[in-house]
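Data from run.txt: compact mmCIF, C-alpha atoms and all ligand atoms
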# COMPACT_ATOMS: atom_id res chain seq x y z
CA MET A 236 0.00 0.00 0.00
CA VAL A 237 1.46 3.31 -1.12
CA LEU A 238 1.21 6.20 1.32
CA ASN A 239 -1.05 8.78 -0.26
CA MET A 240 0.83 12.08 -0.31
CA ASN A 241 -1.68 13.77 -2.60
CA GLN A 242 -3.79 16.71 -1.58
CA PHE A 243 -6.94 15.03 -2.94
CA ASP A 244 -8.17 11.45 -2.77
CA TYR A 245 -7.76 9.94 -6.22
CA GLY A 246 -6.30 6.79 -7.65
CA MET A 247 -5.52 5.38 -11.04
CA VAL A 248 -4.52 2.10 -12.60
CA MET A 249 -3.51 0.97 -16.08
CA ARG A 250 -3.15 -2.58 -17.36
CA ALA A 251 -1.75 -3.57 -20.75
CA LEU A 252 -3.35 -6.46 -22.59
CA LEU A 253 0.16 -7.76 -23.22
CA LEU A 254 0.90 -7.24 -19.50
CA ASP A 255 3.85 -5.00 -20.28
CA GLU A 256 3.28 -1.34 -19.53
CA SER A 257 5.60 -0.38 -22.38
CA GLU A 258 2.87 -1.70 -24.69
CA CYS A 259 -0.15 -0.01 -23.10
CA GLY A 260 -2.17 2.37 -25.29
CA ASP A 261 -4.33 3.48 -22.37
CA LEU A 262 -3.33 6.51 -20.39
CA ALA A 263 -4.48 7.94 -17.06
CA ILE A 264 -3.31 11.36 -15.90
CA VAL A 265 -4.21 13.28 -12.75
CA LYS A 266 -2.83 16.75 -12.00
CA GLU A 267 -3.38 18.77 -8.86
CA ASP A 268 -3.57 22.45 -9.67
CA ASN A 269 -4.04 24.61 -6.55
CA GLN A 270 -7.66 24.08 -5.56
CA ARG A 271 -8.47 22.30 -8.79
CA CYS A 272 -7.86 18.78 -9.96
CA PHE A 273 -7.53 17.70 -13.60
CA LEU A 274 -8.31 14.12 -14.67
CA ALA A 275 -7.72 12.63 -18.13
CA LEU A 276 -8.32 9.12 -19.38
CA LEU A 277 -7.29 8.33 -22.95
CA ASP A 278 -7.47 5.14 -25.00
CA VAL A 279 -5.48 4.98 -28.23
CA LEU A 280 -7.13 2.73 -30.81
CA GLY A 281 -5.72 -0.78 -30.76
CA HIS A 282 -2.94 -1.84 -28.41
CA GLY A 283 0.73 -2.79 -28.38
CA LYS A 284 3.86 -0.78 -29.18
CA LYS A 285 2.30 1.36 -31.92
CA ALA A 286 -0.58 2.41 -29.67
CA ARG A 287 1.92 3.08 -26.87
CA LYS A 288 3.87 5.50 -29.04
CA VAL A 289 0.74 7.58 -29.69
CA ALA A 290 -0.20 7.43 -26.00
CA ILE A 291 3.22 8.78 -24.97
CA SER A 292 2.87 11.64 -27.43
CA ALA A 293 -0.61 12.43 -26.06
CA LYS A 294 0.71 12.24 -22.49
CA ASP A 295 3.44 14.80 -23.15
CA PHE A 296 0.93 17.06 -24.84
CA ILE A 297 -1.64 16.84 -22.04
CA GLU A 298 0.95 17.37 -19.32
CA GLN A 299 2.02 20.59 -20.99
CA ASN A 300 -1.53 21.86 -21.51
CA TYR A 301 -3.69 20.54 -18.66
CA HIS A 302 -4.21 23.96 -17.09
CA LYS A 303 -6.07 25.23 -20.19
CA ASP A 304 -9.81 25.14 -20.89
CA LEU A 305 -11.03 21.57 -21.52
CA VAL A 306 -12.54 22.32 -24.93
CA GLU A 307 -9.32 24.00 -26.03
CA ILE A 308 -7.27 21.00 -24.83
CA MET A 309 -9.51 18.59 -26.76
CA ASN A 310 -9.36 20.64 -29.96
CA ASP A 311 -5.59 21.00 -29.72
CA LEU A 312 -5.16 17.31 -28.89
CA HIS A 313 -7.11 16.48 -32.04
CA ASN A 314 -4.69 18.56 -34.10
CA HIS A 315 -1.74 17.03 -32.24
CA LEU A 316 -2.91 13.50 -33.04
CA LEU A 317 -3.84 14.06 -36.70
CA GLY A 318 -2.21 11.39 -38.86
CA THR A 319 -2.03 8.86 -36.01
CA ARG A 320 -4.42 5.92 -35.47
CA GLY A 321 -6.46 8.20 -33.19
CA ALA A 322 -7.80 7.98 -29.66
CA VAL A 323 -10.83 8.49 -27.45
CA ALA A 324 -10.63 10.51 -24.26
CA ALA A 325 -12.49 12.05 -21.37
CA LEU A 326 -11.21 15.21 -19.67
CA ILE A 327 -12.48 16.43 -16.30
CA ARG A 328 -11.71 19.35 -14.06
CA VAL A 329 -12.99 19.56 -10.51
CA ASP A 330 -12.98 22.88 -8.68
CA MET A 331 -12.66 21.81 -5.06
CA GLY A 332 -13.90 25.15 -3.73
CA SER A 333 -17.10 25.54 -5.74
CA GLY A 334 -17.71 21.82 -6.26
CA GLU A 335 -18.12 22.42 -9.97
CA MET A 336 -17.09 19.58 -12.25
CA SER A 337 -16.43 20.21 -15.96
CA TYR A 338 -16.38 17.38 -18.45
CA VAL A 339 -15.53 16.97 -22.14
CA GLY A 340 -15.69 13.51 -23.71
CA ILE A 341 -15.03 12.21 -27.21
CA GLY A 342 -15.62 8.52 -27.84
CA ASN A 343 -16.01 5.54 -25.63
CA ILE A 344 -14.63 6.36 -22.19
CA ALA A 345 -17.19 5.62 -19.49
CA VAL A 346 -17.64 8.38 -16.91
CA SER A 347 -20.02 8.08 -13.99
CA ILE A 348 -20.69 9.94 -10.79
CA PHE A 349 -21.75 7.73 -7.91
CA ARG A 350 -23.90 9.06 -5.10
CA ARG A 351 -26.94 7.05 -4.01
CA GLU A 352 -27.54 6.42 -7.68
CA GLN A 353 -25.26 6.30 -10.71
CA ILE A 354 -25.16 9.31 -13.03
CA ARG A 355 -23.70 8.45 -16.43
CA LEU A 356 -22.15 11.21 -18.53
CA VAL A 357 -22.55 10.95 -22.28
CA PRO A 358 -19.60 11.62 -24.60
CA LYS A 359 -19.82 12.69 -28.24
CA ASP A 360 -19.05 10.01 -30.81
CA GLY A 361 -15.79 10.49 -32.66
CA VAL A 362 -12.09 9.74 -32.80
CA ILE A 363 -9.54 12.34 -31.71
CA GLY A 364 -6.94 12.76 -34.44
CA TYR A 365 -9.28 11.39 -37.09
CA ILE A 366 -12.87 12.67 -37.25
CA MET A 367 -13.90 14.68 -34.25
CA PRO A 368 -17.14 16.60 -33.70
CA ARG A 369 -17.05 19.97 -31.96
CA PRO A 370 -16.32 19.20 -28.29
CA VAL A 371 -18.89 20.46 -25.79
CA LYS A 372 -18.28 21.08 -22.13
CA GLN A 373 -20.79 19.88 -19.56
CA VAL A 374 -20.78 21.38 -16.08
CA ILE A 375 -22.11 19.33 -13.18
CA PRO A 376 -22.36 20.50 -9.56
CA LEU A 377 -20.88 17.85 -7.26
CA CYS A 378 -22.17 16.86 -3.84
CA GLN A 379 -19.87 16.10 -0.96
CA LYS A 380 -18.51 12.53 -1.13
CA ASP A 381 -19.46 12.07 -4.78
CA ILE A 382 -17.17 9.56 -6.45
CA ILE A 383 -16.14 10.11 -10.07
CA ILE A 384 -15.21 6.95 -11.95
CA MET A 385 -13.65 6.96 -15.43
CA PHE A 386 -12.66 3.85 -17.35
CA SER A 387 -11.83 2.66 -20.85
CA ASP A 388 -13.56 -0.04 -22.87
CA GLY A 389 -11.08 -2.62 -21.62
CA LEU A 390 -13.54 -2.80 -18.72
CA ARG A 391 -17.11 -4.05 -18.93
CA GLN A 392 -19.10 -0.86 -19.59
CA HIS A 393 -22.38 -1.91 -18.06
CA PHE A 394 -22.58 -3.26 -14.57
CA ASN A 395 -24.94 -3.04 -11.68
CA ILE A 396 -24.01 -0.50 -9.03
CA SER A 397 -24.55 -3.23 -6.45
CA GLU A 398 -21.49 -5.01 -7.89
CA CYS A 399 -19.23 -2.27 -6.61
CA ARG A 400 -21.02 -0.38 -3.86
CA ASP A 401 -18.96 -2.23 -1.24
CA LEU A 402 -15.87 -0.45 -2.61
CA PHE A 403 -17.04 3.08 -2.12
CA SER A 404 -15.87 3.44 1.47
CA GLN A 405 -12.33 2.50 0.37
CA PRO A 406 -9.59 4.98 -0.64
CA ALA A 407 -9.80 6.00 -4.32
CA GLN A 408 -6.70 4.01 -5.32
CA LYS A 409 -8.28 0.84 -3.96
CA ILE A 410 -11.56 1.58 -5.80
CA ALA A 411 -9.72 2.00 -9.13
CA GLU A 412 -7.70 -1.20 -8.68
CA GLU A 413 -10.66 -3.31 -7.60
CA LEU A 414 -12.94 -2.05 -10.38
CA LEU A 415 -10.29 -2.98 -12.92
CA ASN A 416 -9.90 -6.43 -11.35
CA ARG A 417 -13.65 -7.06 -11.34
CA LEU A 418 -14.57 -5.57 -14.71
CA TRP A 419 -11.53 -6.26 -16.93
CA LYS A 420 -12.55 -8.02 -20.16
CA ALA A 421 -9.00 -9.32 -20.82
CA ASN A 422 -9.24 -8.47 -24.53
CA ASP A 423 -7.84 -4.91 -24.53
CA ASP A 424 -5.68 -2.49 -22.57
CA ALA A 425 -7.58 -1.13 -19.59
CA SER A 426 -7.43 1.88 -17.32
CA CYS A 427 -9.47 3.41 -14.54
CA ILE A 428 -9.41 6.61 -12.48
CA ALA A 429 -11.37 7.09 -9.25
CA PHE A 430 -11.75 10.47 -7.57
CA LYS A 431 -13.54 11.29 -4.32
CA TYR A 432 -14.94 14.78 -3.93
CA ILE A 433 -14.16 15.61 -0.33
CA PRO A 434 -13.86 19.41 -0.05
MN MN B 1 -9.71 0.21 -25.76

Reformat the file's structure so that it appears as structure tokens.
Ligand SMILES: [Mn+2]
Amino acid sequence: MVLNMNQFDYGMVMRALLLDESECGDLAIVKEDNQRCFLALLDVLGHGKKARKVAISAKDFIEQNYHKDLVEIMNDLHNHLLGTRGAVAALIRVDMGSGEMSYVGIGNIAVSIFRREQIRLVPKDGVIGYIMPRPVKQVIPLCQKDIIIMFSDGLRQHFNISECRDLFSQPAQKIAEELLNRLWKANDDASCIAFKYIP
């Protein structure tokens, strides 16, 4: 168990289909930014070394630009990835003070907020770096103790909340790891981010 030195309670996990992280085309990034927290989950099409190369390029780009507006990041990422095999991604920013969560999603990354019930956010269809619709930002007010879960299609997309409710009292890192263990389809790279809104 790693001692959590972060300001906020979040966790992330990535697993390569080929079980070698140097061949994982999924990418999870979390950045603390004063009283804000930025979360990105990205899945490059396919898997293996070629997908990994695109993921590394996207990682460098996102790490240099994460403080910008989410729509701007998505548009610029599209331009950055033009000519590659493309990717899908969800970008989130949480303002810890106001409790406002912003979300921009292109393609199949599942994003849910768990409170008593599950609130699913709906991305736009498209592939970043290939054919991308105009990204749109959704703003959702969070409630205390809301848990944001993001995961790629390497995990089973539809599951009953009762399959994972027992996890929600755990630290975010444990939630991310356990969800991946329980929902991994073992036919693709997989990644998951969990974030607890505790202002
Ligand atoms: Mn995938």

At a cut-off of 10 Å and counting only C-alpha atoms and all ligand atoms, what residues surround ligand MN 1 (chain B)? Please answer as number ranges by chain. A: 252, 259-261, 277-282, 322-323, 343-344, 386-390, 422-426

Go ahead and write the residues just picked, C-alpha atoms, as a PDB file, keeping the file's coordinate frame.
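Once everything was written out, this is selection_31.pdb:
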ATOM      1  CA  LEU A 252      -3.350  -6.460 -22.590  1.00  0.00           C
ATOM      2  CA  CYS A 259      -0.150  -0.010 -23.100  1.00  0.00           C
ATOM      3  CA  GLY A 260      -2.170   2.370 -25.290  1.00  0.00           C
ATOM      4  CA  ASP A 261      -4.330   3.480 -22.370  1.00  0.00           C
ATOM      5  CA  LEU A 277      -7.290   8.330 -22.950  1.00  0.00           C
ATOM      6  CA  ASP A 278      -7.470   5.140 -25.000  1.00  0.00           C
ATOM      7  CA  VAL A 279      -5.480   4.980 -28.230  1.00  0.00           C
ATOM      8  CA  LEU A 280      -7.130   2.730 -30.810  1.00  0.00           C
ATOM      9  CA  GLY A 281      -5.720  -0.780 -30.760  1.00  0.00           C
ATOM     10  CA  HIS A 282      -2.940  -1.840 -28.410  1.00  0.00           C
ATOM     11  CA  ALA A 322      -7.800   7.980 -29.660  1.00  0.00           C
ATOM     12  CA  VAL A 323     -10.830   8.490 -27.450  1.00  0.00           C
ATOM     13  CA  ASN A 343     -16.010   5.540 -25.630  1.00  0.00           C
ATOM     14  CA  ILE A 344     -14.630   6.360 -22.190  1.00  0.00           C
ATOM     15  CA  PHE A 386     -12.660   3.850 -17.350  1.00  0.00           C
ATOM     16  CA  SER A 387     -11.830   2.660 -20.850  1.00  0.00           C
ATOM     17  CA  ASP A 388     -13.560  -0.040 -22.870  1.00  0.00           C
ATOM     18  CA  GLY A 389     -11.080  -2.620 -21.620  1.00  0.00           C
ATOM     19  CA  LEU A 390     -13.540  -2.800 -18.720  1.00  0.00           C
ATOM     20  CA  ASN A 422      -9.240  -8.470 -24.530  1.00  0.00           C
ATOM     21  CA  ASP A 423      -7.840  -4.910 -24.530  1.00  0.00           C
ATOM     22  CA  ASP A 424      -5.680  -2.490 -22.570  1.00  0.00           C
ATOM     23  CA  ALA A 425      -7.580  -1.130 -19.590  1.00  0.00           C
ATOM     24  CA  SER A 426      -7.430   1.880 -17.320  1.00  0.00           C
TER      25      SER A 426
END

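Distances to Leu276 of chain A were evaluated for A:Leu312, A:Leu377, A:Cys399, A:Cys427 using only C-alpha atoms, and the minimum falls at A:Cys427.
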
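We find atom CA of Val374 of chain A and atom CA of Arg351 of chain A to be spaced 19.7 Å apart.
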
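Comparing A:Lys431, A:Arg271, A:Lys420, A:Arg250 by their smallest distance to Ile384 of chain A, the closest is A:Lys431 (using all atoms listed in the file).
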
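In this structure, atom CA of Glu267 of chain A sits 29.4 Å away from atom CA of Gly283 of chain A.
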
Residues within 10 Å of Ile348 of chain A, all atoms listed in the file, excluding chain neighbours under 3 positions, as a list of chain:residue names: A:Arg351, A:Glu352, A:Gln353, A:Ile354, A:Arg355, A:Leu356, A:Ile375, A:Leu377, A:Cys378, A:Asp381, A:Ile382, A:Ile383, A:Ile384, A:Met385, A:Ala429, A:Phe430, A:Lys431

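Atom CA of Ala275 of chain A is positioned 7.9 Å from atom CA of Leu262 of chain A.
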
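Around Gln405 of chain A, within 12 Å and counting all atoms listed in the file, the residues found are Asp244, Tyr245, Gly246, Lys380, Ile382, Cys399, Arg400, Asp401, Leu402, Gln408, Lys409, Ile410, Ala411, Glu412, Glu413, Leu414, Ala429, Phe430 and Lys431 of chain A, once anything fewer than 3 positions away on its own chain is removed.
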
Which residues are close to segment 359-372 of chain A, i.e. within 8 Å by all atoms listed in the file, leaving aside same-chain residues fewer than 2 positions away? Reply as a PDB file with C-alpha atoms, keeping the file's coordinate frame.
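Okay, part_11.pdb is ready:
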ATOM      1  CA  LEU A 305     -11.030  21.570 -21.520  1.00  0.00           C
ATOM      2  CA  VAL A 306     -12.540  22.320 -24.930  1.00  0.00           C
ATOM      3  CA  MET A 309      -9.510  18.590 -26.760  1.00  0.00           C
ATOM      4  CA  ASN A 310      -9.360  20.640 -29.960  1.00  0.00           C
ATOM      5  CA  LEU A 312      -5.160  17.310 -28.890  1.00  0.00           C
ATOM      6  CA  HIS A 313      -7.110  16.480 -32.040  1.00  0.00           C
ATOM      7  CA  ASN A 314      -4.690  18.560 -34.100  1.00  0.00           C
ATOM      8  CA  HIS A 315      -1.740  17.030 -32.240  1.00  0.00           C
ATOM      9  CA  LEU A 316      -2.910  13.500 -33.040  1.00  0.00           C
ATOM     10  CA  LEU A 317      -3.840  14.060 -36.700  1.00  0.00           C
ATOM     11  CA  GLY A 318      -2.210  11.390 -38.860  1.00  0.00           C
ATOM     12  CA  THR A 319      -2.030   8.860 -36.010  1.00  0.00           C
ATOM     13  CA  ARG A 320      -4.420   5.920 -35.470  1.00  0.00           C
ATOM     14  CA  GLY A 321      -6.460   8.200 -33.190  1.00  0.00           C
ATOM     15  CA  ALA A 322      -7.800   7.980 -29.660  1.00  0.00           C
ATOM     16  CA  VAL A 323     -10.830   8.490 -27.450  1.00  0.00           C
ATOM     17  CA  ALA A 324     -10.630  10.510 -24.260  1.00  0.00           C
ATOM     18  CA  SER A 337     -16.430  20.210 -15.960  1.00  0.00           C
ATOM     19  CA  TYR A 338     -16.380  17.380 -18.450  1.00  0.00           C
ATOM     20  CA  VAL A 339     -15.530  16.970 -22.140  1.00  0.00           C
ATOM     21  CA  GLY A 340     -15.690  13.510 -23.710  1.00  0.00           C
ATOM     22  CA  ILE A 341     -15.030  12.210 -27.210  1.00  0.00           C
ATOM     23  CA  GLY A 342     -15.620   8.520 -27.840  1.00  0.00           C
ATOM     24  CA  ASN A 343     -16.010   5.540 -25.630  1.00  0.00           C
ATOM     25  CA  VAL A 357     -22.550  10.950 -22.280  1.00  0.00           C
ATOM     26  CA  VAL A 374     -20.780  21.380 -16.080  1.00  0.00           C
TER      27      VAL A 374
END
